[in-house]
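Below is one structure, written out as structure tokens; the observations come after it.
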Amino acid sequence: MDWLFFGEISLAGLAMGGLYALISLGFVIIYKATKVINFAIGEIMMFAAYLFLAFAGGMEMSPWVALPLAVLGGSVLGGVIEKVMIRPMLGESSISVVMVTIGVASILVGLVELIWGADPQLLPSFLPRKPVFIGEMYLAPKIAYGFLIGAGLLIVYLLYFRFSRGGVALRATASDQAAAYSMGINVRRVFNLSWVFGSLAASLAGVLVAATGGLSPQFGAIGLSVLVVVIVGGLDSILGALVAGLFIGWLETVAGAYLGGEYRMPATFAVLAVILVIRPYGLFGTHEIERV
Amino acid sequence: MRIGDAKQSYEADEAIWTSSTQKIWLAIFLLALAVFPFFADSYLLYMGCLVGIAVISTTGLNILTGFTGLISLGQAGFMGVGGYTVAWLSLNTALPFPVTLLLAGLLAAAVGILVGLPSLRVKGLYLAIATLAASVFLHFIFAQWESVTGGMGGLSLEPAHLFGLTLQSDFEMYFVIVPLAVLMVLAAKNVFRTRIGRAFIAIRDRDISAEILGINLLRYKLMSFALSSFYAGVAGGLFAYFYRVVTPESFPLSMSIFYLAAVIVGGMGNLLGGILGAAFMTLIPEVLNLLTAALTPFYPNAPIFMSPMLEIIFGALIVGFLIFEPHGLAEIWHRIRRFFSLWPFRN
């Protein structure tokens, strides 16, 4: 076995996994606060990446201006989706809400195709091109710097939720909605903010992933991998999102490199199936006890 | 004028057709279905067959999702099992057409039971994701098990034979698909008049209470999976005979979502809703097609916008129905019916 090759593949996989962790964090934030499983997260990422394409490519802005603008656009989109389509579904069964997000995903795919066309596109490159070596192992610079930016936001998020007022409100709402409400927390606003923050994380990851792998209206399929990550990690666990994100990213890349691209999805979904059977609430998720 | 039904026995209450008006309209509808192919052109016939297949599959998914409350993203996968079964059987054996169709349903049901097994431990969205995993695995098997499924190229079928006839054209397929669809919807209707169907509904409404009432959850959930996938398998088999080719891409994930959407748009837990939803969702793209064709002389770019518009309309229908009309087309239908049966009084 070629250990150098394995090491390089693993590194690339872990870097990809870092981005998965970031997207999953966005997913978990939304789920924790609002109990909505967001099937449209891949499409929100895609939309932000297309915005970046429009700002940096079409309007020829500097990528470092376009990136925040695109991420901002993605988070506004998340907020609008919550306000217009998820809010009216408050109190409906979770199946219905999930179907709404699936519908939103379909609308976003259609909009993107309508505006930017169905052909795959390349994002203007904005990350440094100097190859990165860790020891003897080579890592593609786009992936490495993408990972660094993503990890940066991840740390900011973790600190924000731990220490800031908004973060505490979010965690309070997640642990007990009624109590949070009676303590004067504006729960509706927290719901909206959770979608904004969740979409922000997803949008940044979307631009970074699209910068390495290209962009097309099918880009949202990445949402399936994210779904695997959050189920394996536990829907309501931030730690789970981080660990499972790294693991699933690594597994996907290694399976793709050693077995062939067609094995990427089955490999991760096999892990998902095993987890569903032995620990349905995920590695770090809360085990809900049901009472009549 | 009929303003209500006075039911004086349990038989009358249990009956499927409660009034003579209903029976007359039903007879007219069935007659219309029977003579439709003699007047319709080939395009309408083609659509008729597609709607028939969609009705069977939607009814199956309605049993599982609408009546038992188990959400499934694996419908396309089960249809694929049915489609590949008939394709393989018709290529490698001399079994007659109805037998292959039956076997397709049974094999799909067996796969359905296997997929349903986690349903004792996980439910709701977790179950949906388990079925999603199943459909990923099934797609993988369709694409990779080349000696049986023909890999990415898929399998091509000969036309089916029935009673010495060759089912070559849509006209002949129509007379297989539509009666079968009617029969299977009727069968589903009857299931919900038995203990099994009532158990499904009890599980949907509150599974823990159902278990306390003596309903074996695993058994009935698996039964629901089996029944639903049987319908999917038969629909997939018909799909294979209709297009006479099956490939892994014939049964994509978006197809599962399409059927879920059909159930929702039609009305969950309502067989009539399933029929309406299936017909509506199948015909929408065609209406858009016609519209595009009509607009092309004025806007030459119209065909380019057709496929994205379809995605947007598809999504907007799901979202719109869930927000504004959660009981779906069936509820609209009932409202219209109530209006006429109560006329001239306001409902």
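Residues in the structure tokens are named by chain (A, B, ... in the order shown) and by number from 1 within that chain; ligands are numbered from 1 in the order shown.
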Could you list the residues in chain A lying within 6 Å of chain B, using only C-alpha atoms, and format the result as a list of chain:residue names? A:Val100, A:Gly103, A:Val104, A:Ser106, A:Ile107, A:Gly110, A:Glu113, A:Leu114, A:Phe269
Selection export as an mmCIF file, in the first residue's frame, atoms kept: C-alpha atoms:
data_model
loop_
_atom_site.group_PDB
_atom_site.id
_atom_site.type_symbol
_atom_site.label_atom_id
_atom_site.label_comp_id
_atom_site.auth_asym_id
_atom_site.auth_seq_id
_atom_site.Cartn_x
_atom_site.Cartn_y
_atom_site.Cartn_z
ATOM 1 C CA VAL A 100 -41.932 22.415 1.712
ATOM 2 C CA GLY A 103 -40.360 22.299 -2.976
ATOM 3 C CA VAL A 104 -38.123 25.274 -2.197
ATOM 4 C CA SER A 106 -36.947 22.662 -6.763
ATOM 5 C CA ILE A 107 -37.879 26.341 -7.110
ATOM 6 C CA GLY A 110 -35.449 26.312 -11.617
ATOM 7 C CA GLU A 113 -31.369 27.557 -14.536
ATOM 8 C CA LEU A 114 -33.601 30.382 -15.675
ATOM 9 C CA PHE A 269 -24.959 5.586 2.811
#
10 Å contact set for segment 120-123 of chain A, only C-alpha atoms, chain neighbours under 5 positions out, as a ChimeraX atom specification: /A:49-50,52-54,56-57,63,207-208,210-219
Quick one: everything within 10 Å of Glu249 of chain B, counting only C-alpha atoms, minus sequence neighbours fewer than 4 positions away in the same chain. Send it as a PDB file with C-alpha atoms, in the first residue's frame.
ATOM      1  CA  GLY B  80     -37.053   0.060 -10.569  1.00  0.00           C
ATOM      2  CA  HIS B 139     -29.600   2.609  -7.980  1.00  0.00           C
ATOM      3  CA  PHE B 142     -29.043  -1.324 -11.121  1.00  0.00           C
ATOM      4  CA  ALA B 143     -25.936   0.419 -12.446  1.00  0.00           C
ATOM      5  CA  MET B 152     -25.657   1.781 -17.391  1.00  0.00           C
ATOM      6  CA  GLY B 153     -26.992   0.734 -20.810  1.00  0.00           C
ATOM      7  CA  GLY B 154     -29.933  -1.051 -19.178  1.00  0.00           C
ATOM      8  CA  LEU B 253     -34.534  10.065  -6.954  1.00  0.00           C
TER       9      LEU B 253
END
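The neighbours of Ala87 of chain B here are the residues that come within 7 Å of it, using only C-alpha atoms and leaving out any residue fewer than 5 positions away in the same chain; they are Leu155, Leu157 and Ala240 of chain B.
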Residues of segment 105-205 of chain B in helix (DSSP H, G or I) according to DSSP, as an mmCIF file with C-alpha atoms, in the first residue's frame?
data_model
loop_
_atom_site.group_PDB
_atom_site.id
_atom_site.type_symbol
_atom_site.label_atom_id
_atom_site.label_comp_id
_atom_site.auth_asym_id
_atom_site.auth_seq_id
_atom_site.Cartn_x
_atom_site.Cartn_y
_atom_site.Cartn_z
ATOM 1 C CA GLY B 105 -44.869 -6.832 -7.755
ATOM 2 C CA LEU B 106 -43.916 -9.651 -5.404
ATOM 3 C CA LEU B 107 -40.183 -9.063 -5.681
ATOM 4 C CA ALA B 108 -40.684 -5.343 -5.123
ATOM 5 C CA ALA B 109 -42.814 -6.215 -2.083
ATOM 6 C CA ALA B 110 -40.002 -8.407 -0.730
ATOM 7 C CA VAL B 111 -37.520 -5.558 -1.192
ATOM 8 C CA GLY B 112 -40.049 -3.251 0.431
ATOM 9 C CA ILE B 113 -40.213 -5.481 3.513
ATOM 10 C CA LEU B 114 -36.438 -5.464 3.714
ATOM 11 C CA VAL B 115 -36.349 -1.667 3.485
ATOM 12 C CA GLY B 116 -39.172 -1.395 5.987
ATOM 13 C CA LEU B 117 -37.335 -3.398 8.626
ATOM 14 C CA PRO B 118 -35.701 -0.341 10.234
ATOM 15 C CA SER B 119 -39.192 1.156 10.611
ATOM 16 C CA LEU B 120 -39.585 -0.462 14.008
ATOM 17 C CA LEU B 125 -37.805 11.665 8.940
ATOM 18 C CA TYR B 126 -35.244 9.104 10.002
ATOM 19 C CA LEU B 127 -37.286 6.506 8.180
ATOM 20 C CA ALA B 128 -37.489 8.748 5.133
ATOM 21 C CA ILE B 129 -33.716 8.906 5.140
ATOM 22 C CA ALA B 130 -33.463 5.127 5.559
ATOM 23 C CA THR B 131 -35.610 4.721 2.444
ATOM 24 C CA LEU B 132 -33.422 7.306 0.732
ATOM 25 C CA ALA B 133 -30.417 5.119 1.566
ATOM 26 C CA ALA B 134 -32.283 2.129 0.123
ATOM 27 C CA SER B 135 -32.899 3.967 -3.114
ATOM 28 C CA VAL B 136 -29.203 4.904 -3.331
ATOM 29 C CA PHE B 137 -28.267 1.227 -2.900
ATOM 30 C CA LEU B 138 -30.858 0.088 -5.434
ATOM 31 C CA HIS B 139 -29.600 2.609 -7.980
ATOM 32 C CA PHE B 140 -26.082 1.355 -7.339
ATOM 33 C CA ILE B 141 -27.192 -2.254 -7.917
ATOM 34 C CA PHE B 142 -29.043 -1.324 -11.121
ATOM 35 C CA ALA B 143 -25.936 0.419 -12.446
ATOM 36 C CA GLN B 144 -23.283 -2.073 -11.302
ATOM 37 C CA GLU B 146 -24.067 -5.778 -15.158
ATOM 38 C CA SER B 147 -24.694 -9.494 -15.732
ATOM 39 C CA VAL B 148 -28.336 -9.051 -14.715
ATOM 40 C CA THR B 149 -29.226 -5.409 -15.210
ATOM 41 C CA GLY B 151 -25.233 -1.821 -16.333
ATOM 42 C CA MET B 152 -25.657 1.781 -17.391
ATOM 43 C CA GLY B 153 -26.992 0.734 -20.810
ATOM 44 C CA ASP B 170 -50.060 2.596 -26.865
ATOM 45 C CA PHE B 171 -53.596 1.646 -27.879
ATOM 46 C CA GLU B 172 -53.073 -1.946 -26.772
ATOM 47 C CA MET B 173 -51.082 -0.968 -23.676
ATOM 48 C CA TYR B 174 -53.922 1.347 -22.656
ATOM 49 C CA PHE B 175 -56.249 -1.620 -22.339
ATOM 50 C CA VAL B 176 -53.790 -3.313 -20.011
ATOM 51 C CA ILE B 177 -52.743 -0.318 -17.935
ATOM 52 C CA VAL B 178 -56.037 1.447 -17.318
ATOM 53 C CA PRO B 179 -58.150 -1.583 -16.269
ATOM 54 C CA LEU B 180 -55.292 -2.650 -14.026
ATOM 55 C CA ALA B 181 -55.173 0.828 -12.490
ATOM 56 C CA VAL B 182 -58.927 0.783 -11.850
ATOM 57 C CA LEU B 183 -58.653 -2.693 -10.336
ATOM 58 C CA MET B 184 -55.760 -1.781 -8.063
ATOM 59 C CA VAL B 185 -57.378 1.413 -6.809
ATOM 60 C CA LEU B 186 -60.529 -0.569 -6.047
ATOM 61 C CA ALA B 187 -58.436 -3.162 -4.223
ATOM 62 C CA ALA B 188 -56.800 -0.423 -2.162
ATOM 63 C CA LYS B 189 -60.211 1.017 -1.339
ATOM 64 C CA ASN B 190 -61.253 -2.381 -0.040
ATOM 65 C CA VAL B 191 -58.118 -2.803 2.038
ATOM 66 C CA ARG B 195 -58.773 -4.830 9.858
ATOM 67 C CA ILE B 196 -55.471 -4.391 8.025
ATOM 68 C CA GLY B 197 -56.396 -1.023 6.580
ATOM 69 C CA ARG B 198 -57.890 0.196 9.835
ATOM 70 C CA ALA B 199 -54.674 -0.836 11.573
ATOM 71 C CA PHE B 200 -52.679 1.263 9.077
ATOM 72 C CA ILE B 201 -54.792 4.304 9.856
ATOM 73 C CA ALA B 202 -54.484 3.711 13.593
ATOM 74 C CA ILE B 203 -50.706 3.560 13.260
ATOM 75 C CA ARG B 204 -50.697 6.818 11.322
ATOM 76 C CA ASP B 205 -52.798 8.623 13.890
#
Name the residues in contact with Gly233 of chain B at a cut-off of 7 Å, using only C-alpha atoms, excluding same-chain residues fewer than 5 positions from it; report them as a list in words.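 That gives Phe78, Met79, Val81, Gly82, Gly83, Ala104, Gly105 and Ala108 of chain B.
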Pull C-alpha atoms from the residues just selected and write them as a tab-separated table (two decimals), in the first residue's frame.
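result-v4.tsv, freshly written:
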chain	number	residue	atom	x	y	z
B	78	PHE	CA	-39.20	-0.08	-5.82
B	79	MET	CA	-40.53	0.76	-9.27
B	81	VAL	CA	-37.10	-3.38	-8.95
B	82	GLY	CA	-40.38	-4.09	-10.73
B	83	GLY	CA	-39.14	-2.72	-14.03
B	104	ALA	CA	-42.37	-7.92	-10.38
B	105	GLY	CA	-44.87	-6.83	-7.76
B	108	ALA	CA	-40.68	-5.34	-5.12
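If you measure from each of A:Ala179, A:Leu224, A:Ala267, A:Ala66 to Ala48 of chain A using only C-alpha atoms, the closest one turns out to be A:Ala66.
For segment 62-290 of chain A, a DSSP pass over the backbone yields strand (DSSP E) at Val132, Phe133, Ile134, Met137, Tyr138 and Leu139 of chain A.
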Distance query Asp176 of chain A at most 12 Å, only C-alpha atoms, self and fewer than 6 positions along chain excluded, as JSON, numbers by chain: {"A": [32, 33, 34, 35, 169, 170, 182, 183, 185, 187]}
Distance in Å - atom CA of Leu165 of chain B versus atom CA of Ala40 of chain B: 21.1 Å
Grab the atom CA of Ser57 of chain B to atom CA of Val265 of chain B distance for me, in Å with one decimal place.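 Atom CA of Ser57 of chain B sits 14.6 Å away from atom CA of Val265 of chain B.
Atom CA of Thr68 of chain B is found 16.0 Å from atom CA of Tyr259 of chain B.
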Residue nearest Leu227 of chain A among A:Ser203, A:Ala178, A:Ser24, A:Tyr160 (counting only C-alpha atoms): A:Ser24
Contact residues around Val190 of chain A with only C-alpha atoms at 10 Å, ignoring same-chain residues under 2 positions, as number ranges by chain: A: 30, 33-34, 166-167, 169-174, 185-188, 192-196
